[in-house]
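Everything below belongs to coords.tsv, which stores TSV, C-alpha atoms and all ligand atoms.
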chain	number	residue	atom	x	y	z
A	131	MET	CA	27.20	6.49	-13.96
A	132	THR	CA	25.89	7.68	-10.61
A	133	THR	CA	23.86	5.05	-8.80
A	134	VAL	CA	21.91	5.98	-5.69
A	135	LEU	CA	19.74	3.96	-3.35
A	136	TYR	CA	16.35	5.01	-2.06
A	137	PRO	CA	15.74	2.72	0.90
A	138	GLY	CA	12.54	2.31	2.84
A	139	THR	CA	9.83	0.05	4.15
A	140	PHE	CA	7.18	1.37	1.73
A	141	ASP	CA	4.27	-0.12	3.68
A	142	PRO	CA	2.71	1.05	1.41
A	143	ILE	CA	4.28	3.45	-1.10
A	144	THR	CA	2.69	6.93	-0.94
A	145	ASN	CA	2.67	9.98	-3.19
A	146	GLY	CA	5.37	11.41	-0.89
A	147	HIS	CA	7.69	8.51	-1.74
A	148	LEU	CA	6.81	8.79	-5.41
A	149	ASP	CA	7.71	12.47	-5.43
A	150	ILE	CA	11.18	11.71	-3.99
A	151	ILE	CA	11.65	8.92	-6.56
A	152	ASP	CA	10.54	11.23	-9.37
A	153	ARG	CA	12.98	13.97	-8.44
A	154	SER	CA	15.88	11.60	-7.65
A	155	SER	CA	15.55	9.94	-11.03
A	156	ARG	CA	15.90	13.34	-12.73
A	157	VAL	CA	19.06	14.15	-10.80
A	158	PHE	CA	20.87	10.80	-10.71
A	159	ASP	CA	21.62	8.30	-13.49
A	160	ARG	CA	20.21	5.27	-11.73
A	161	VAL	CA	17.92	5.00	-8.72
A	162	VAL	CA	17.63	1.66	-6.94
A	163	ILE	CA	14.62	1.53	-4.63
A	164	THR	CA	15.66	-0.84	-1.88
A	165	LEU	CA	12.72	-2.36	-0.13
A	166	ALA	CA	13.65	-3.43	3.39
A	167	VAL	CA	12.40	-6.89	4.18
A	168	ASN	CA	12.57	-8.57	7.58
A	169	ASN	CA	13.57	-5.43	9.51
A	170	ALA	CA	12.11	-4.93	12.97
A	171	LYS	CA	8.92	-3.32	11.64
A	172	GLN	CA	5.70	-5.33	11.52
A	173	THR	CA	4.17	-4.59	8.13
A	174	LEU	CA	0.62	-4.62	6.81
A	175	PHE	CA	1.72	-5.68	3.32
A	176	THR	CA	4.13	-8.55	2.64
A	177	ALA	CA	7.43	-7.76	0.93
A	178	ASP	CA	6.14	-9.10	-2.38
A	179	GLU	CA	2.94	-7.06	-2.09
A	180	ARG	CA	4.95	-3.92	-1.31
A	181	GLU	CA	7.23	-4.57	-4.26
A	182	ALA	CA	4.29	-5.15	-6.61
A	183	LEU	CA	2.66	-1.90	-5.45
A	184	ILE	CA	5.88	0.06	-6.05
A	185	ARG	CA	6.20	-1.43	-9.55
A	186	GLU	CA	2.58	-0.65	-10.38
A	187	ALA	CA	2.90	2.90	-8.97
A	188	LEU	CA	5.99	3.45	-11.16
A	189	ARG	CA	4.28	1.98	-14.22
A	190	THR	CA	1.31	4.31	-13.92
A	191	GLY	CA	2.90	7.35	-12.22
A	192	LEU	CA	6.31	7.56	-13.91
A	193	PRO	CA	5.87	5.54	-17.11
A	194	ASP	CA	8.66	7.28	-19.04
A	195	ARG	CA	11.42	6.47	-16.53
A	196	THR	CA	13.90	3.73	-17.44
A	197	ASN	CA	16.50	4.41	-14.75
A	198	ILE	CA	14.54	3.19	-11.72
A	199	GLU	CA	14.90	-0.32	-10.27
A	200	VAL	CA	13.27	-2.05	-7.33
A	201	VAL	CA	14.96	-4.70	-5.20
A	202	GLN	CA	14.26	-6.36	-1.87
A	203	THR	CA	17.15	-6.22	0.60
A	204	SER	CA	17.56	-7.84	3.96
A	205	GLY	CA	21.14	-7.15	5.06
A	206	LEU	CA	23.10	-4.01	5.80
A	207	LEU	CA	22.33	-1.19	3.39
A	208	ALA	CA	26.02	-0.20	3.32
A	209	GLU	CA	26.99	-3.68	2.13
A	210	PHE	CA	24.33	-3.64	-0.54
A	211	ALA	CA	25.49	-0.19	-1.68
A	212	ARG	CA	29.03	-1.48	-2.04
A	213	SER	CA	27.87	-4.52	-4.03
A	214	VAL	CA	25.97	-2.44	-6.61
A	215	GLY	CA	28.44	0.45	-6.76
A	216	ALA	CA	26.03	2.99	-5.24
A	217	VAL	CA	27.67	6.24	-4.18
A	218	ALA	CA	24.79	7.65	-2.19
A	219	VAL	CA	21.57	7.09	-0.31
A	220	VAL	CA	18.63	9.41	-0.86
A	221	ARG	CA	16.26	10.07	2.04
A	222	GLY	CA	13.22	12.29	2.21
A	223	LEU	CA	13.10	14.90	4.96
A	224	ARG	CA	9.73	16.08	6.14
A	225	THR	CA	9.92	17.73	9.53
A	226	LEU	CA	12.52	18.30	12.20
A	227	GLY	CA	11.29	15.05	13.72
A	228	ASP	CA	12.91	13.10	10.86
A	229	PHE	CA	16.25	14.80	11.24
A	230	GLU	CA	17.81	13.16	14.28
A	231	TYR	CA	17.18	9.58	13.18
A	232	GLU	CA	18.17	10.33	9.60
A	233	MET	CA	21.43	11.93	10.71
A	234	GLN	CA	22.29	8.89	12.85
A	235	MET	CA	21.60	6.55	9.93
A	236	ALA	CA	23.65	8.67	7.55
A	237	LEU	CA	26.65	8.73	9.88
A	238	MET	CA	26.43	5.00	10.56
A	239	ASN	CA	26.19	4.18	6.86
A	240	ARG	CA	29.25	6.28	6.14
A	241	ARG	CA	31.14	4.61	8.96
A	242	LEU	CA	30.32	1.22	7.48
A	243	TYR	CA	31.20	2.29	3.96
A	244	GLY	CA	33.25	5.45	3.66
A	245	GLU	CA	32.34	6.04	-0.01
A	246	LEU	CA	28.64	6.27	0.78
A	247	SER	CA	27.08	9.74	1.09
A	248	THR	CA	23.51	10.58	2.07
A	249	PHE	CA	21.41	13.17	0.26
A	250	PHE	CA	18.38	14.59	2.04
A	251	MET	CA	15.61	15.73	-0.24
A	252	ALA	CA	13.00	18.14	1.08
A	253	ALA	CA	9.51	16.68	0.98
A	254	ASP	CA	6.91	18.35	-1.19
A	255	GLU	CA	4.77	20.65	0.95
A	256	ARG	CA	1.65	18.67	-0.02
A	257	TYR	CA	3.13	15.59	1.60
A	258	ILE	CA	4.94	17.00	4.61
A	259	HIS	CA	2.57	15.32	7.05
A	260	LEU	CA	2.15	12.16	5.05
A	261	ASN	CA	3.60	8.84	6.08
A	262	SER	CA	2.69	5.23	5.47
A	263	SER	CA	1.44	4.59	8.99
A	264	ILE	CA	-1.07	7.47	8.84
A	265	VAL	CA	-2.32	6.15	5.52
A	266	ARG	CA	-2.74	2.65	6.98
A	267	GLU	CA	-4.50	4.02	10.02
A	268	VAL	CA	-7.07	6.17	8.23
A	269	ALA	CA	-7.68	3.54	5.55
A	270	ARG	CA	-8.52	1.07	8.32
A	271	TYR	CA	-11.50	3.26	9.17
A	272	GLY	CA	-12.60	3.47	5.57
A	273	ALA	CA	-11.42	7.07	4.95
A	274	ASP	CA	-10.62	8.12	1.40
A	275	VAL	CA	-6.86	8.23	0.82
A	276	SER	CA	-6.94	8.53	-2.96
A	277	ASP	CA	-5.21	11.94	-3.03
A	278	LEU	CA	-2.34	10.63	-0.86
A	279	VAL	CA	-1.41	7.36	-2.53
A	280	PRO	CA	-1.26	5.89	-6.04
A	281	GLU	CA	-4.54	4.36	-7.23
A	282	CYS	CA	-3.23	0.77	-6.93
A	283	VAL	CA	-2.40	1.41	-3.25
A	284	ALA	CA	-5.87	2.82	-2.52
A	285	VAL	CA	-7.38	-0.33	-4.03
A	286	ALA	CA	-5.00	-2.62	-2.11
A	287	LEU	CA	-5.80	-0.85	1.16
A	288	ARG	CA	-9.52	-1.35	0.59
A	289	GLY	CA	-8.75	-5.02	-0.04
A	290	LYS	CA	-6.91	-5.32	3.29
A	291	VAL	CA	-9.81	-3.70	5.14
A	292	VAL	CA	-12.26	-6.19	3.60
A	293	GLU	CA	-9.88	-9.06	4.40
A	294	SER	CA	-9.56	-8.01	8.04
A	295	ARG	CA	-13.36	-7.84	8.43
A	296	ALA	CA	-13.97	-11.24	6.83
B	301	LIG	P1	11.74	3.79	6.70
B	301	LIG	O1	11.26	2.61	7.47
B	301	LIG	O2	13.11	3.60	6.11
B	301	LIG	O3	11.57	5.11	7.38
B	301	LIG	P2	9.62	4.67	4.91
B	301	LIG	O4	8.99	3.86	3.83
B	301	LIG	O5	8.77	5.15	6.02
B	301	LIG	O6	10.80	3.77	5.41
B	301	LIG	O7	10.35	5.93	4.27
B	301	LIG	C1	11.33	5.80	3.30
B	301	LIG	C2	11.92	7.16	2.98
B	301	LIG	O8	10.91	7.99	2.42
B	301	LIG	C3	12.45	7.94	4.18
B	301	LIG	O9	13.57	8.67	3.76
B	301	LIG	C4	11.33	8.85	4.54
B	301	LIG	O10	11.79	10.02	5.19
B	301	LIG	C5	10.82	9.19	3.15
B	301	LIG	N1	9.43	9.61	3.17
B	301	LIG	C6	8.38	9.00	3.74
B	301	LIG	N2	7.23	9.69	3.55
B	301	LIG	C7	7.59	10.79	2.84
B	301	LIG	C8	6.88	11.94	2.35
B	301	LIG	N3	5.57	12.10	2.58
B	301	LIG	N4	7.56	12.87	1.66
B	301	LIG	C9	8.90	12.72	1.47
B	301	LIG	N5	9.63	11.69	1.92
B	301	LIG	C10	8.99	10.74	2.59

Could you spell out this file's structure in structure tokens?
Amino acid sequence: MTTVLYPGTFDPITNGHLDIIDRSSRVFDRVVITLAVNNAKQTLFTADEREALIREALRTGLPDRTNIEVVQTSGLLAEFARSVGAVAVVRGLRTLGDFEYEMQMALMNRRLYGELSTFFMAADERYIHLNSSIVREVARYGADVSDLVPECVAVALRGKVVESRA
């Protein structure tokens, strides 16, 4: 059985992430979405909120899939991969801007755990310019993001905006 990891911050999950998850779960036997907690990034949503949004997005967006799991991880990805028998990491590639950082990460992960490969999956053209920080930014100003994120995320973003104005 081929297990792969799809790591990220998912602050919050977007349709771009969901597309990568969808396609990975058709190609590989088991996809473990690893939600990075306590990395250097300041996040809008807590780890538990981000996990709940991923689970809800999967429940509504990919209801037929039984080979996708979600876990929170805080240590080295390579160590986690070894512990669950993952053979690869899947990362989405949007523009050339992603490439340099992604290549560095891929090489470091392989150095830490020689069995671990990285697969880059081309982003869907609809989501090439989509990332979580843009979604957070425009949602802060009340813009409609419903075609970019799952419905539960759009609702949660509206909730955060209301919270921050209270
Ligand atoms: P990280 O902090 O690890 O970059 P992100 O949640 O921003 O976490 O992204 C996780 C993964 O999803 C990365 O591989 C990133 O390139 C990919 N990704 C992010 N947005 C998109 C998108 N719109 N289309 C395809 N892949 C994406």

Distance query Ala269 (chain A) at most 10 Å, only C-alpha atoms, self and fewer than 5 positions along chain excluded, as number ranges by chain: A: 263-264, 274-276, 284, 287-288, 290-291

Given 8 Å of margin on each side, can you work out the centre and size in Å (one decimal) of an axis-aligned box holding every listed atom of ligand LIG 301 (chain B), as AutoDock Vina command-line options?
--center_x 9.6 --center_y 7.7 --center_z 4.5 --size_x 24.0 --size_y 26.3 --size_z 22.0

Nearest-residue call for Ile258 (chain A), choices A:Gly272, A:Gly205, A:Pro193, A:Gly146, using all atoms listed in the file: A:Gly146

Cut-off 10 Å, all atoms listed in the file, neighbours of ligand LIG 301 (chain B) as a ChimeraX atom specification: /A:136-151,163-166,169-171,219-225,227-229,231-232,235,249-263,278-279

Contacts of Phe158 (chain A) within 10 Å, only C-alpha atoms, excl. fewer than 4 positions in-chain, as a PyMOL selection string: chain A and resi 131-134+153-154+197-198+218

Point-to-point distance in Å for CA of Gln172 (chain A) and CA of Ala273 (chain A):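 Computing it gives 22.1 Å between the two atoms.
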
Proximity to Ala187 (chain A) - best of A:Leu206, A:Asp152, A:Ala216, A:Val292, all atoms listed in the file: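 Closest to Ala187 (chain A) of all the choices is A:Asp152.
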
Pick from A:Glu230, A:Leu174, A:Leu242, A:Asp159 nearest to Val265 (chain A), counting all atoms listed in the file: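 Among the listed residues, the smallest separation from Val265 (chain A) belongs to A:Leu174.
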
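Computed from the coordinates, the CA of Arg212 (chain A) to CA of Ala236 (chain A) distance equals 15.0 Å.
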
From A:Arg270, A:Ser155, A:Ala182, A:Thr196, residue lying nearest Glu293 (chain A) [all atoms listed in the file]: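 Among the listed residues, the smallest separation from Glu293 (chain A) belongs to A:Arg270.
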
Residue nearest Gly289 (chain A) - candidates A:Val161, A:Ser247, A:Phe175, A:Arg185, atoms counted: only C-alpha atoms: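 Checking each candidate against Gly289 (chain A), we get A:Phe175 as the closest.
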
Asn239 (chain A) environment, 8 Å, all atoms listed in the file, sequence neighbours closer than 6 positions dropped, as a list in words: Leu207, Ala208 and Leu246 of chain A

Atomic separation - CA of Glu199 (chain A) relative to CA of Glu186 (chain A), Å: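 For CA of Glu186 (chain A) relative to CA of Glu199 (chain A), the distance reads 12.3 Å.
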
Pick from A:Asp194, A:Glu209, A:Glu245, A:Glu179, whichever lies nearest to Val283 (chain A) using all atoms listed in the file: A:Glu179
